[in-house]
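Participant: What follows is work14.txt, made up of compact mmCIF, C-alpha atoms and all ligand atoms:
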```
# COMPACT_ATOMS: atom_id res chain seq x y z
CA MET Y 9 -75.08 58.89 -24.60
CA LYS Y 10 -73.58 61.60 -22.45
CA LYS Y 11 -75.58 64.60 -21.32
CA VAL Y 12 -74.48 67.82 -19.66
CA VAL Y 13 -77.20 69.41 -17.58
CA LYS Y 14 -77.12 73.05 -16.55
CA PHE Y 15 -79.64 74.37 -14.05
CA GLY Y 16 -80.48 78.06 -13.89
CA GLY Y 17 -80.92 80.09 -10.71
CA SER Y 18 -84.68 79.70 -10.39
CA SER Y 19 -84.27 75.91 -10.74
CA LEU Y 20 -82.02 75.93 -7.66
CA ALA Y 21 -83.50 78.76 -5.62
CA SER Y 22 -84.78 76.59 -2.75
CA ALA Y 23 -84.57 73.05 -1.39
CA GLU Y 24 -87.84 72.27 -3.16
CA GLN Y 25 -86.39 73.34 -6.52
CA PHE Y 26 -83.14 71.51 -5.78
CA LYS Y 27 -85.14 68.31 -5.28
CA LYS Y 28 -86.81 68.75 -8.67
CA ALA Y 29 -83.38 69.17 -10.26
CA GLY Y 30 -82.10 66.13 -8.36
CA ASP Y 31 -85.06 64.03 -9.56
CA ILE Y 32 -84.40 65.10 -13.13
CA ILE Y 33 -80.73 64.11 -12.87
CA LYS Y 34 -81.50 60.79 -11.22
CA ALA Y 35 -84.20 59.97 -13.77
CA ASP Y 36 -81.58 59.56 -16.50
CA LYS Y 37 -78.24 57.87 -15.89
CA GLU Y 38 -76.72 59.75 -18.80
CA ARG Y 39 -77.03 63.03 -16.89
CA LYS Y 40 -73.62 62.84 -15.26
CA PHE Y 41 -72.11 66.29 -15.61
CA VAL Y 42 -73.98 69.04 -13.82
CA VAL Y 43 -73.48 72.81 -14.01
CA PRO Y 44 -75.39 74.79 -11.38
CA SER Y 45 -76.10 78.53 -11.23
CA ALA Y 46 -76.33 80.39 -7.93
CA PRO Y 47 -79.71 80.33 -6.16
CA GLY Y 48 -82.07 82.68 -7.99
CA LYS Y 49 -85.38 84.21 -6.99
CA ARG Y 50 -87.82 82.10 -4.96
CA PHE Y 51 -90.65 84.55 -5.62
CA ASN Y 52 -91.12 87.72 -7.67
CA ASP Y 53 -89.69 90.28 -5.24
CA ASP Y 54 -86.91 88.01 -4.01
CA THR Y 55 -83.23 88.85 -4.62
CA LYS Y 56 -80.84 86.55 -6.50
CA VAL Y 57 -77.88 85.40 -4.42
CA THR Y 58 -75.54 86.83 -7.10
CA ASP Y 59 -77.05 90.29 -6.55
CA MET Y 60 -76.79 89.86 -2.77
CA LEU Y 61 -73.11 89.03 -3.19
CA TYR Y 62 -72.43 92.08 -5.37
CA GLU Y 63 -74.15 94.26 -2.79
CA CYS Y 64 -72.35 92.68 0.14
CA TYR Y 65 -69.00 93.08 -1.55
CA GLY Y 66 -69.80 96.73 -2.30
CA ILE Y 67 -70.24 97.28 1.44
CA ALA Y 68 -67.00 95.42 2.19
CA GLU Y 69 -65.15 97.48 -0.39
CA SER Y 70 -66.28 100.72 1.17
CA GLY Y 71 -64.81 99.51 4.46
CA LYS Y 72 -68.18 99.18 6.24
CA ASP Y 73 -69.47 96.24 8.24
CA PHE Y 74 -70.78 93.61 5.80
CA LYS Y 75 -71.40 90.78 8.30
CA ALA Y 76 -75.21 91.10 8.37
CA LYS Y 77 -75.40 90.94 4.56
CA LEU Y 78 -73.10 87.95 4.41
CA ASN Y 79 -75.16 86.21 7.08
CA ALA Y 80 -78.31 86.72 5.03
CA ILE Y 81 -76.55 84.97 2.13
CA LYS Y 82 -75.43 82.16 4.40
CA GLU Y 83 -79.04 81.70 5.50
CA ARG Y 84 -80.13 81.22 1.90
CA TYR Y 85 -77.72 78.28 1.61
CA GLN Y 86 -78.50 76.92 5.06
CA GLU Y 87 -82.19 76.79 4.15
CA ILE Y 88 -81.32 74.62 1.15
CA ILE Y 89 -78.94 72.38 3.13
CA ASP Y 90 -81.57 71.84 5.86
CA GLY Y 91 -84.37 71.30 3.34
CA LEU Y 92 -82.31 68.58 1.67
CA SER Y 93 -81.33 67.06 5.07
CA LEU Y 94 -77.66 67.24 4.14
CA LYS Y 95 -74.98 66.83 6.76
CA ILE Y 96 -72.56 69.41 5.37
CA SER Y 97 -71.49 72.71 6.88
CA LEU Y 98 -70.43 75.82 4.96
CA ASP Y 99 -69.02 77.52 8.08
CA SER Y 100 -65.39 77.37 7.05
CA GLU Y 101 -66.26 78.42 3.48
CA PHE Y 102 -68.01 81.51 4.83
CA GLU Y 103 -65.05 82.31 7.09
CA THR Y 104 -62.77 82.25 4.05
CA ILE Y 105 -65.21 84.39 2.07
CA ALA Y 106 -65.44 86.96 4.89
CA LYS Y 107 -61.66 87.14 5.06
CA ASN Y 108 -61.32 87.54 1.30
CA PHE Y 109 -64.03 90.21 1.23
CA LYS Y 110 -62.08 92.12 3.87
CA ASP Y 111 -58.93 91.73 1.77
CA LYS Y 112 -60.83 93.05 -1.26
CA ALA Y 113 -60.48 89.94 -3.39
CA GLY Y 114 -62.53 91.54 -6.18
CA LYS Y 115 -66.09 91.85 -7.42
CA ASP Y 116 -65.77 88.80 -9.66
CA TYR Y 117 -64.52 86.67 -6.80
CA ALA Y 118 -67.49 87.83 -4.73
CA ALA Y 119 -70.09 87.05 -7.40
CA SER Y 120 -68.55 83.68 -8.23
CA ARG Y 121 -69.14 82.40 -4.69
CA GLY Y 122 -72.83 82.05 -5.53
CA GLU Y 123 -72.18 79.25 -8.01
CA TYR Y 124 -69.22 77.86 -6.05
CA LEU Y 125 -71.27 77.24 -2.89
CA ASN Y 126 -74.27 75.94 -4.81
CA GLY Y 127 -71.89 73.53 -6.56
CA ILE Y 128 -70.66 72.19 -3.23
CA ILE Y 129 -74.24 71.57 -2.10
CA MET Y 130 -75.22 69.99 -5.42
CA ALA Y 131 -72.18 67.67 -5.38
CA ALA Y 132 -72.99 66.56 -1.82
CA TYR Y 133 -76.65 66.06 -2.68
CA LEU Y 134 -75.92 63.92 -5.74
CA GLY Y 135 -72.80 62.20 -4.42
CA PHE Y 136 -70.86 63.51 -7.44
CA GLU Y 137 -67.32 64.90 -7.44
CA PHE Y 138 -66.99 68.71 -7.10
CA VAL Y 139 -64.69 70.33 -9.66
CA ASP Y 140 -63.88 74.00 -8.97
CA ALA Y 141 -64.37 75.94 -12.22
CA ALA Y 142 -61.35 78.09 -11.28
CA GLU Y 143 -59.17 75.06 -12.02
CA VAL Y 144 -60.62 74.22 -15.41
CA ILE Y 145 -61.79 77.47 -17.04
CA LEU Y 146 -58.93 79.73 -17.99
CA PHE Y 147 -59.08 83.42 -18.89
CA GLY Y 148 -56.36 85.12 -20.92
CA GLU Y 149 -54.84 88.51 -20.10
CA ASN Y 150 -57.26 90.22 -22.50
CA GLY Y 151 -60.14 89.18 -20.24
CA GLU Y 152 -61.57 86.69 -22.76
CA TYR Y 153 -61.72 83.05 -21.79
CA ASP Y 154 -59.17 80.92 -23.57
CA ALA Y 155 -61.38 78.46 -25.44
CA GLU Y 156 -58.69 76.00 -26.51
CA LYS Y 157 -56.69 75.82 -23.28
CA THR Y 158 -59.91 75.60 -21.30
CA ASN Y 159 -61.08 72.75 -23.50
CA GLU Y 160 -57.86 70.84 -22.89
CA LEU Y 161 -57.89 71.44 -19.14
CA MET Y 162 -61.55 70.57 -18.78
CA ARG Y 163 -61.31 67.46 -20.98
CA GLU Y 164 -58.27 66.20 -19.14
CA ARG Y 165 -59.87 66.69 -15.74
CA LEU Y 166 -63.32 65.33 -16.56
CA SER Y 167 -62.03 62.31 -18.48
CA LYS Y 168 -60.97 60.81 -15.15
CA LEU Y 169 -64.39 61.24 -13.59
CA ASP Y 170 -67.58 59.33 -13.90
CA ALA Y 171 -69.79 62.15 -12.69
CA ALA Y 172 -69.08 65.72 -11.59
CA VAL Y 173 -70.54 69.06 -10.60
CA ILE Y 174 -68.82 72.08 -12.13
CA PRO Y 175 -70.15 75.44 -10.89
CA GLY Y 176 -71.15 77.88 -13.63
CA PHE Y 177 -70.32 81.53 -14.34
CA TYR Y 178 -66.61 81.77 -13.50
CA GLY Y 179 -63.07 80.65 -14.15
CA ALA Y 180 -59.69 82.15 -13.32
CA TYR Y 181 -56.70 83.90 -14.83
CA ALA Y 182 -53.38 82.07 -14.91
CA ASP Y 183 -52.45 83.75 -11.59
CA LYS Y 184 -55.62 82.17 -10.05
CA THR Y 185 -57.52 85.46 -9.74
CA ILE Y 186 -61.21 84.68 -10.22
CA LYS Y 187 -62.95 86.09 -13.28
CA THR Y 188 -66.64 85.74 -14.16
CA PHE Y 189 -68.39 85.73 -17.51
CA SER Y 190 -71.02 88.41 -18.03
CA ARG Y 191 -74.37 87.93 -16.26
CA GLY Y 192 -76.14 84.72 -17.13
CA GLY Y 193 -72.75 83.19 -17.93
CA SER Y 194 -73.42 79.76 -16.41
CA ASP Y 195 -74.96 78.96 -19.79
CA ILE Y 196 -71.47 79.36 -21.27
CA THR Y 197 -69.95 77.05 -18.64
CA GLY Y 198 -72.50 74.37 -19.53
CA SER Y 199 -71.58 74.68 -23.17
CA ILE Y 200 -67.84 74.49 -22.41
CA VAL Y 201 -68.37 71.31 -20.37
CA ALA Y 202 -70.50 69.79 -23.14
CA ARG Y 203 -67.76 70.47 -25.68
CA ALA Y 204 -65.02 69.07 -23.44
CA ILE Y 205 -66.72 65.74 -22.82
CA LYS Y 206 -68.14 65.63 -26.36
CA ALA Y 207 -71.63 65.32 -24.98
CA ASP Y 208 -74.48 64.13 -27.13
CA VAL Y 209 -76.79 66.78 -25.72
CA TYR Y 210 -76.43 69.93 -23.64
CA GLU Y 211 -79.60 70.24 -21.58
CA ASN Y 212 -80.20 73.73 -20.28
CA TRP Y 213 -82.85 73.62 -17.55
CA THR Y 214 -84.70 76.84 -16.81
CA ASP Y 215 -88.17 77.99 -15.78
CA VAL Y 216 -89.83 78.16 -19.20
CA SER Y 217 -90.50 75.39 -21.71
CA GLY Y 218 -88.15 76.80 -24.34
CA PHE Y 219 -88.00 79.84 -26.55
CA MET Y 220 -91.07 81.78 -27.46
CA ILE Y 221 -91.66 83.02 -31.01
CA ALA Y 222 -91.95 86.56 -29.66
CA ASP Y 223 -91.45 88.42 -26.40
CA PRO Y 224 -94.25 87.44 -23.95
CA ARG Y 225 -94.25 91.01 -22.64
CA ILE Y 226 -95.53 92.07 -26.06
CA ILE Y 227 -97.49 89.01 -27.23
CA TYR Y 228 -99.91 87.31 -24.84
CA LYS Y 229 -98.85 83.66 -24.40
CA PRO Y 230 -96.79 83.38 -27.58
CA LYS Y 231 -96.27 79.94 -29.12
CA SER Y 232 -92.97 78.27 -28.39
CA ILE Y 233 -90.29 77.25 -30.87
CA ASP Y 234 -89.69 73.49 -31.28
CA THR Y 235 -86.44 73.63 -33.21
CA ILE Y 236 -84.16 76.54 -34.03
CA THR Y 237 -80.75 76.59 -35.67
CA TYR Y 238 -77.68 78.18 -34.04
CA ARG Y 239 -77.70 80.86 -36.74
CA GLU Y 240 -81.34 81.73 -36.25
CA LEU Y 241 -80.83 81.88 -32.52
CA ARG Y 242 -77.88 84.16 -32.91
CA GLU Y 243 -79.93 86.59 -35.00
CA LEU Y 244 -82.71 86.61 -32.43
CA ALA Y 245 -80.40 86.82 -29.41
CA TYR Y 246 -78.55 89.73 -30.99
CA MET Y 247 -81.86 91.50 -31.38
CA GLY Y 248 -82.67 91.10 -27.72
CA ALA Y 249 -84.34 87.69 -27.31
CA THR Y 250 -83.23 86.20 -24.00
CA VAL Y 251 -83.37 82.76 -22.29
CA LEU Y 252 -79.86 81.64 -23.18
CA HIS Y 253 -76.66 83.72 -22.94
CA GLU Y 254 -75.83 84.77 -26.48
CA ASP Y 255 -72.26 83.43 -26.28
CA ALA Y 256 -73.37 80.01 -25.06
CA ILE Y 257 -73.73 78.55 -28.52
CA PHE Y 258 -70.09 78.93 -29.55
CA PRO Y 259 -68.43 76.04 -27.66
CA VAL Y 260 -71.09 73.49 -28.63
CA ARG Y 261 -71.45 74.78 -32.15
CA SER Y 262 -67.90 73.76 -32.96
CA GLU Y 263 -68.81 70.16 -32.07
CA GLY Y 264 -72.33 70.14 -33.48
CA ILE Y 265 -73.81 69.35 -30.06
CA PRO Y 266 -77.51 70.25 -29.82
CA ILE Y 267 -78.83 72.30 -26.90
CA ASN Y 268 -82.18 71.38 -25.43
CA ILE Y 269 -83.85 74.14 -23.40
CA LYS Y 270 -86.03 72.42 -20.79
CA ASN Y 271 -88.35 73.44 -17.97
CA THR Y 272 -87.46 72.20 -14.46
CA ASN Y 273 -91.08 72.74 -13.44
CA ALA Y 274 -92.46 70.81 -16.42
CA PRO Y 275 -89.77 68.25 -17.26
CA ASP Y 276 -91.96 66.32 -19.67
CA ASP Y 277 -92.35 69.27 -22.01
CA GLU Y 278 -90.07 68.81 -25.02
CA GLY Y 279 -88.73 72.36 -24.82
CA THR Y 280 -86.73 73.93 -27.63
CA TRP Y 281 -83.96 72.19 -29.57
CA ILE Y 282 -81.12 74.38 -30.79
CA VAL Y 283 -79.31 72.58 -33.60
CA GLU Y 284 -76.74 73.12 -36.30
CA SER Y 285 -79.08 72.23 -39.12
CA THR Y 286 -82.31 70.33 -39.50
CA CYS Y 287 -84.64 68.97 -42.13
CA GLN Y 288 -87.55 69.50 -39.75
CA LYS Y 289 -89.87 72.02 -41.29
CA PRO Y 290 -90.64 74.87 -38.94
CA LYS Y 291 -94.30 74.98 -37.91
CA TYR Y 292 -94.58 78.52 -39.21
CA VAL Y 293 -92.74 80.33 -42.00
CA ILE Y 294 -90.99 82.42 -39.39
CA THR Y 295 -89.08 80.96 -36.48
CA GLY Y 296 -89.08 84.04 -34.29
CA ILE Y 297 -89.38 87.82 -34.02
CA ALA Y 298 -87.22 90.04 -31.85
CA GLY Y 299 -86.29 93.68 -31.83
CA LYS Y 300 -84.79 96.62 -30.06
CA LYS Y 301 -85.64 100.26 -29.67
CA GLY Y 302 -83.29 103.22 -29.55
CA PHE Y 303 -81.67 103.60 -32.96
CA CYS Y 304 -80.83 106.65 -35.07
CA ALA Y 305 -80.71 106.79 -38.86
CA VAL Y 306 -78.12 109.08 -40.40
CA ASN Y 307 -79.23 109.80 -43.98
CA ILE Y 308 -76.51 111.02 -46.30
CA GLU Y 309 -77.34 112.41 -49.74
CA LYS Y 310 -75.07 113.16 -52.62
CA ASP Y 311 -75.92 113.35 -56.30
CA PHE Y 312 -74.14 110.66 -58.34
CA MET Y 313 -73.03 108.89 -55.15
CA ASN Y 314 -73.49 105.65 -57.07
CA SER Y 315 -70.54 106.34 -59.34
CA GLU Y 316 -68.15 107.69 -56.70
CA ILE Y 317 -65.83 104.86 -55.74
CA GLY Y 318 -64.94 104.84 -52.05
CA PHE Y 319 -67.86 107.03 -50.92
CA GLY Y 320 -69.22 104.41 -48.50
CA ARG Y 321 -65.82 103.82 -46.97
CA LYS Y 322 -65.32 107.53 -46.34
CA VAL Y 323 -68.71 107.85 -44.66
CA LEU Y 324 -68.09 104.84 -42.44
CA GLN Y 325 -64.64 106.16 -41.57
CA ALA Y 326 -66.30 109.13 -39.84
CA PHE Y 327 -68.14 106.66 -37.59
CA GLU Y 328 -65.02 104.60 -37.01
CA GLU Y 329 -62.96 107.66 -36.04
CA ASN Y 330 -65.51 108.35 -33.31
CA GLY Y 331 -65.61 104.77 -32.06
CA ILE Y 332 -69.19 104.15 -33.17
CA SER Y 333 -70.26 100.81 -34.60
CA PHE Y 334 -73.05 100.72 -37.15
CA GLU Y 335 -75.94 98.25 -37.34
CA HIS Y 336 -77.18 98.46 -40.92
CA VAL Y 337 -76.35 100.46 -44.01
CA PRO Y 338 -79.16 100.41 -46.59
CA SER Y 339 -78.36 102.50 -49.65
CA GLY Y 340 -79.96 103.96 -52.79
CA ILE Y 341 -78.58 105.65 -55.90
CA ASP Y 342 -77.92 109.02 -54.31
CA THR Y 343 -78.50 108.15 -50.64
CA MET Y 344 -76.96 106.05 -47.99
CA THR Y 345 -78.32 105.53 -44.48
CA VAL Y 346 -76.32 104.43 -41.46
CA PHE Y 347 -78.21 102.95 -38.50
CA VAL Y 348 -76.50 103.42 -35.14
CA HIS Y 349 -77.38 103.03 -31.46
CA GLN Y 350 -78.84 106.33 -30.31
CA ASP Y 351 -77.23 106.33 -26.86
CA GLU Y 352 -73.76 105.75 -28.36
CA PHE Y 353 -74.24 108.27 -31.14
CA MET Y 354 -76.00 111.10 -29.32
CA HIS Y 355 -72.96 112.62 -27.64
CA LYS Y 356 -70.82 112.43 -30.72
CA GLU Y 357 -73.32 113.30 -33.45
CA GLN Y 358 -71.87 116.66 -34.45
CA LYS Y 359 -68.37 115.24 -34.61
CA VAL Y 360 -69.62 112.47 -36.89
CA VAL Y 361 -71.55 114.92 -39.08
CA SER Y 362 -68.57 117.22 -39.53
CA GLY Y 363 -66.40 114.15 -40.10
CA ILE Y 364 -68.66 112.95 -42.93
CA HIS Y 365 -68.57 116.43 -44.49
CA ARG Y 366 -64.80 116.56 -44.24
CA LEU Y 367 -64.21 113.04 -45.56
CA ALA Y 368 -67.00 112.49 -48.11
CA ASP Y 369 -68.29 115.96 -49.04
CA PRO Y 370 -72.01 115.04 -49.24
CA ASP Y 371 -74.83 117.39 -50.37
CA SER Y 372 -76.78 116.99 -47.13
CA ILE Y 373 -77.05 114.98 -43.94
CA ASP Y 374 -80.26 114.38 -42.05
CA ILE Y 375 -80.61 112.56 -38.73
CA GLU Y 376 -83.73 110.73 -37.66
CA ALA Y 377 -83.98 109.57 -34.03
CA ASP Y 378 -86.17 107.22 -31.96
CA LEU Y 379 -86.28 104.29 -34.33
CA ALA Y 380 -86.65 100.60 -33.58
CA LEU Y 381 -85.30 97.61 -35.51
CA ILE Y 382 -87.25 94.38 -35.74
CA ALA Y 383 -85.74 91.12 -36.98
CA VAL Y 384 -88.07 88.55 -38.49
CA VAL Y 385 -86.02 85.36 -38.54
CA GLY Y 386 -86.73 82.03 -40.16
CA ARG Y 387 -84.93 79.35 -42.13
CA GLY Y 388 -88.30 78.68 -43.74
CA MET Y 389 -88.34 82.05 -45.50
CA LYS Y 390 -85.87 80.94 -48.12
CA SER Y 391 -88.25 78.44 -49.63
CA THR Y 392 -91.45 80.41 -49.17
CA ARG Y 393 -92.64 83.00 -51.62
CA GLY Y 394 -94.29 86.19 -50.47
CA THR Y 395 -92.88 86.41 -46.94
CA ALA Y 396 -91.77 90.02 -47.31
CA GLY Y 397 -95.08 90.84 -48.97
CA ARG Y 398 -97.01 89.42 -46.02
CA ILE Y 399 -94.91 91.33 -43.53
CA PHE Y 400 -95.38 94.65 -45.27
CA SER Y 401 -99.07 94.27 -45.93
CA ALA Y 402 -99.57 93.35 -42.23
CA LEU Y 403 -97.65 96.47 -41.23
CA ALA Y 404 -99.58 98.63 -43.69
CA HIS Y 405 -102.90 97.32 -42.31
CA SER Y 406 -101.73 98.36 -38.85
CA ASN Y 407 -100.93 101.85 -40.14
CA ILE Y 408 -97.22 101.45 -39.57
CA ASN Y 409 -94.77 103.39 -41.63
CA VAL Y 410 -91.75 101.26 -42.54
CA LYS Y 411 -88.56 103.32 -42.46
CA MET Y 412 -86.06 100.71 -43.53
CA ILE Y 413 -85.92 97.21 -44.95
CA ASP Y 414 -82.84 95.03 -45.00
CA GLN Y 415 -82.78 91.41 -46.10
CA GLY Y 416 -79.52 89.52 -45.82
CA SER Y 417 -78.60 87.41 -48.82
CA SER Y 418 -78.81 84.31 -46.61
CA GLU Y 419 -82.58 84.95 -46.58
CA LEU Y 420 -82.55 83.98 -42.95
CA ASN Y 421 -83.90 87.27 -41.72
CA ILE Y 422 -85.61 90.48 -42.71
CA ILE Y 423 -84.81 93.55 -40.66
CA ILE Y 424 -87.39 96.31 -40.54
CA GLY Y 425 -86.96 99.81 -39.15
CA VAL Y 426 -90.01 101.53 -37.63
CA ALA Y 427 -90.59 104.39 -35.18
CA ASN Y 428 -90.03 103.45 -31.53
CA ALA Y 429 -93.69 104.25 -30.90
CA ASP Y 430 -94.78 101.62 -33.47
CA PHE Y 431 -92.52 98.87 -32.12
CA GLU Y 432 -95.03 96.79 -30.16
CA THR Y 433 -97.83 97.20 -32.73
CA ALA Y 434 -95.47 96.10 -35.50
CA ILE Y 435 -94.42 92.94 -33.63
CA LYS Y 436 -98.07 92.10 -32.93
CA ALA Y 437 -98.98 92.59 -36.60
CA ILE Y 438 -96.18 90.30 -37.79
CA TYR Y 439 -96.92 87.65 -35.16
CA ASP Y 440 -100.62 87.68 -36.05
CA ILE Y 441 -100.09 87.27 -39.76
CA PHE Y 442 -97.64 84.36 -39.50
CA VAL Y 443 -98.73 82.55 -36.37
CA LEU Y 444 -102.35 83.31 -35.58
CA SER Y 445 -103.68 83.46 -39.13
CA ARG Y 446 -101.79 80.42 -40.35
CA LEU Y 447 -104.32 78.35 -42.25
N1 LIG Y 501 -75.60 83.76 -11.23
C1 LIG Y 501 -75.15 84.53 -12.35
C2 LIG Y 501 -76.15 85.61 -12.68
O1 LIG Y 501 -77.10 85.83 -11.95
C3 LIG Y 501 -74.81 83.67 -13.52
C4 LIG Y 501 -75.90 82.77 -14.02
O2 LIG Y 501 -76.90 82.56 -13.33
O3 LIG Y 501 -75.76 82.24 -15.11
O4 LIG Y 501 -75.98 86.28 -13.66
```
Produce structure tokens that represent the structure in this file.
Facilitator:
Amino acid sequence: MKKVVKFGGSSLASAEQFKKAGDIIKADKERKFVVPSAPGKRFNDDTKVTDMLYECYGIAESGKDFKAKLNAIKERYQEIIDGLSLKISLDSEFETIAKNFKDKAGKDYAASRGEYLNGIIMAAYLGFEFVDAAEVILFGENGEYDAEKTNELMRERLSKLDAAVIPGFYGAYADKTIKTFSRGGSDITGSIVARAIKADVYENWTDVSGFMIADPRIIYKPKSIDTITYRELRELAYMGATVLHEDAIFPVRSEGIPINIKNTNAPDDEGTWIVESTCQKPKYVITGIAGKKGFCAVNIEKDFMNSEIGFGRKVLQAFEENGISFEHVPSGIDTMTVFVHQDEFMHKEQKVVSGIHRLADPDSIDIEADLALIAVVGRGMKSTRGTAGRIFSALAHSNINVKMIDQGSSELNIIIGVANADFETAIKAIYDIFVLSRL
């Protein structure tokens, strides 16, 4: 068995947390490839090292003195080094960083130093080889990472090593300029490493014991999810559920490698398993609920729309011409509704409306704002009768007006549109009916 272990920022925020991570790695000899994030928050009001680096580089870029800020960052690392009683010094690394900041090496370079330095400490602490991610993760000119070349480079390099630390979050262009993934991107690095070494498991260590069925800011102590499929996760992540970077599933998905989300502070908890497919029955009919506020519905009416071939295409063309992507398009006999992100649509609404008139000649157009979309996701829905019925009776009992319903033919999810103001109540009602009142 080979395991890749990725530790998030809060798992490596201090020497104490580092020791927990070290104990976890040492407890299992299969944990040989380690991907660290930069040190995160030690307490609620603390600042992540990545944010300190962005700020420090901002000062450097404006030509002001950034030494004090950089020293504060150095202290964060020194505290960890001292707490672990390591005999290494980052002096020369910080000299290089200061020089590169002065030479305006770029925001991505700046941010990447968080993971880079933490990787050096982790490698020294474990006695593993340090592999700079800039040498093994390659970005193409379009700014996307090159999955296949990266896989070759990474596989080639790691095949010669017994154990290694590969810092998360960044890679480099062919000309060696550093480029980072979007925030939280160390999750992607972990997945890339897992694919390259054909790991049996990708363990992603964080500060919660897995995914929750619903957002804990809305539901008090929600139940956690034992097993979730890649597809279910993607639906939930798209609708705003966080914990894992939404792009992190792609590299492992192609190899069928499961991801296990684990808690550094409670390593014995099983956490959540993210898998390709499973015969394990979910505990509840639904696997999870997630949602987002801030949508607009553009309702288009035209008598006999149903028999006019090409009507839908013409309507959508008006959105395309204005660079607006749509979320959902439920339709009736004489009506069609296009759901869009309000902030994207707001400034262009009149252009879109006149575009629809010009292209599709409808009878009327009506715009409704301040809507929320909620995704109820679950592989168990397919084989259970009455799921939609339960959702809508729960919503009706909570006095919520449902504005839109969309069920994909995969029967993996049901999307419901409600007013922004009903968002939280709707999620509570759905959670209660499926999780709390399960008999
Ligand atoms: N340190 C980076 C961030 O704060 C990347 C990561 O932690 O995954 O976004």
Participant: So which one's closest to Arg242 (chain Y), Y:Asp170, Y:Glu83, Y:Asp351, Y:Glu284? Using all atoms listed in the file, please.
Facilitator: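 Of the candidates, the smallest distance to Arg242 (chain Y) is held by Y:Glu284.
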Participant: For ligand LIG 501 (chain Y), which residue out of Y:Val216, Y:Val209, Y:Ala204, Y:Val43 is the nearest one, using all atoms listed in the file?
Facilitator: Y:Val43
Participant: Around ligand LIG 501 (chain Y), out to 9 Å and counting only C-alpha atoms and all ligand atoms, which residues are there? I want them as number ranges by chain.
Facilitator: Y: 15-18, 44-48, 56-59, 119-120, 122-123, 176-178, 188-197, 253
Participant: Report, in Å to a single decimal, how far apart CA of Lys110 (chain Y) and CA of Lys72 (chain Y) are.
Facilitator: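 Computed distance, CA of Lys72 (chain Y) to CA of Lys110 (chain Y), equals 9.6 Å.
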Participant: At a cut-off of 10 Å from (-76.3, 60.1, -19.2) in the coordinates of the file, what residues are picked up using all atoms listed in the file, written as an mmCIF file with C-alpha atoms, in the frame of the given file?
Facilitator:
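And here is the file that came out, point_7.cif:
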```cif
data_model
loop_
_atom_site.group_PDB
_atom_site.id
_atom_site.type_symbol
_atom_site.label_atom_id
_atom_site.label_comp_id
_atom_site.auth_asym_id
_atom_site.auth_seq_id
_atom_site.Cartn_x
_atom_site.Cartn_y
_atom_site.Cartn_z
ATOM 1 C CA MET Y 9 -75.080 58.890 -24.600
ATOM 2 C CA LYS Y 10 -73.580 61.600 -22.450
ATOM 3 C CA LYS Y 11 -75.580 64.600 -21.320
ATOM 4 C CA VAL Y 12 -74.480 67.820 -19.660
ATOM 5 C CA VAL Y 13 -77.200 69.410 -17.580
ATOM 6 C CA ILE Y 33 -80.730 64.110 -12.870
ATOM 7 C CA LYS Y 34 -81.500 60.790 -11.220
ATOM 8 C CA ALA Y 35 -84.200 59.970 -13.770
ATOM 9 C CA ASP Y 36 -81.580 59.560 -16.500
ATOM 10 C CA LYS Y 37 -78.240 57.870 -15.890
ATOM 11 C CA GLU Y 38 -76.720 59.750 -18.800
ATOM 12 C CA ARG Y 39 -77.030 63.030 -16.890
ATOM 13 C CA LYS Y 40 -73.620 62.840 -15.260
ATOM 14 C CA PHE Y 41 -72.110 66.290 -15.610
ATOM 15 C CA ALA Y 171 -69.790 62.150 -12.690
ATOM 16 C CA ALA Y 207 -71.630 65.320 -24.980
ATOM 17 C CA ASP Y 208 -74.480 64.130 -27.130
ATOM 18 C CA VAL Y 209 -76.790 66.780 -25.720
#
```
Participant: What are the centre and edge lengths in Å, to one decimal, of the axis-aligned box around all listed atoms of region 305-312 of chain Y with 5 Å added on each side, as JSON?
Facilitator:
```
{"center_x": -77.4, "center_y": 110.1, "center_z": -48.6, "size_x": 16.6, "size_y": 16.6, "size_z": 29.5}
```
Participant: With 10 Å as the threshold, what does the neighbourhood of (-58.1, 80.0, -12.4) contain in terms of residues, counting only C-alpha atoms? Coordinates are those of the file; answer as a count of residues only.
Facilitator: 18
Participant: Give me, as a list of chain:residue names, all polymer residues having an atom no more than 12 Å from Gly416 (chain Y), counting only C-alpha atoms and skipping those fewer than 4 positions away in the same chain.
Facilitator: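 The filter keeps Y:Glu243, Y:His336, Y:Val337, Y:Pro338, Y:Ala383, Y:Val384, Y:Val385, Y:Gly386, Y:Met389, Y:Lys390, Y:Leu420, Y:Asn421, Y:Ile422, Y:Ile423, Y:Ile424.
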Participant: Which residue out of Y:Ala113, Y:Ile399, Y:Ile435, Y:Leu134 has the minimum interatomic distance to Ile32 (chain Y) when all atoms listed in the file are used?
Facilitator: Y:Leu134
Participant: Determine, counting all atoms listed in the file, which protein, DNA and RNA residues have an atom within 10 Å of an atom of Ser315 (chain Y); residues of the same chain fewer than 3 positions away are not included. Present the result as a VMD selection string.
Facilitator: chain Y and resid 311 to 312 318 to 319 341 to 342
Participant: To one decimal in Å, tell me the separation between CA of Gly135 (chain Y) and CA of Gln86 (chain Y).
Facilitator: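 It comes out at 18.4 Å.
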Participant: Kindly indicate which residue among Y:Val293, Y:Ile269, Y:Val361, Y:Ala249 lies nearest to Asn330 (chain Y), using only C-alpha atoms for the distances.
Facilitator: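 Residue with the minimum atom-to-atom distance to Asn330 (chain Y): Y:Val361.
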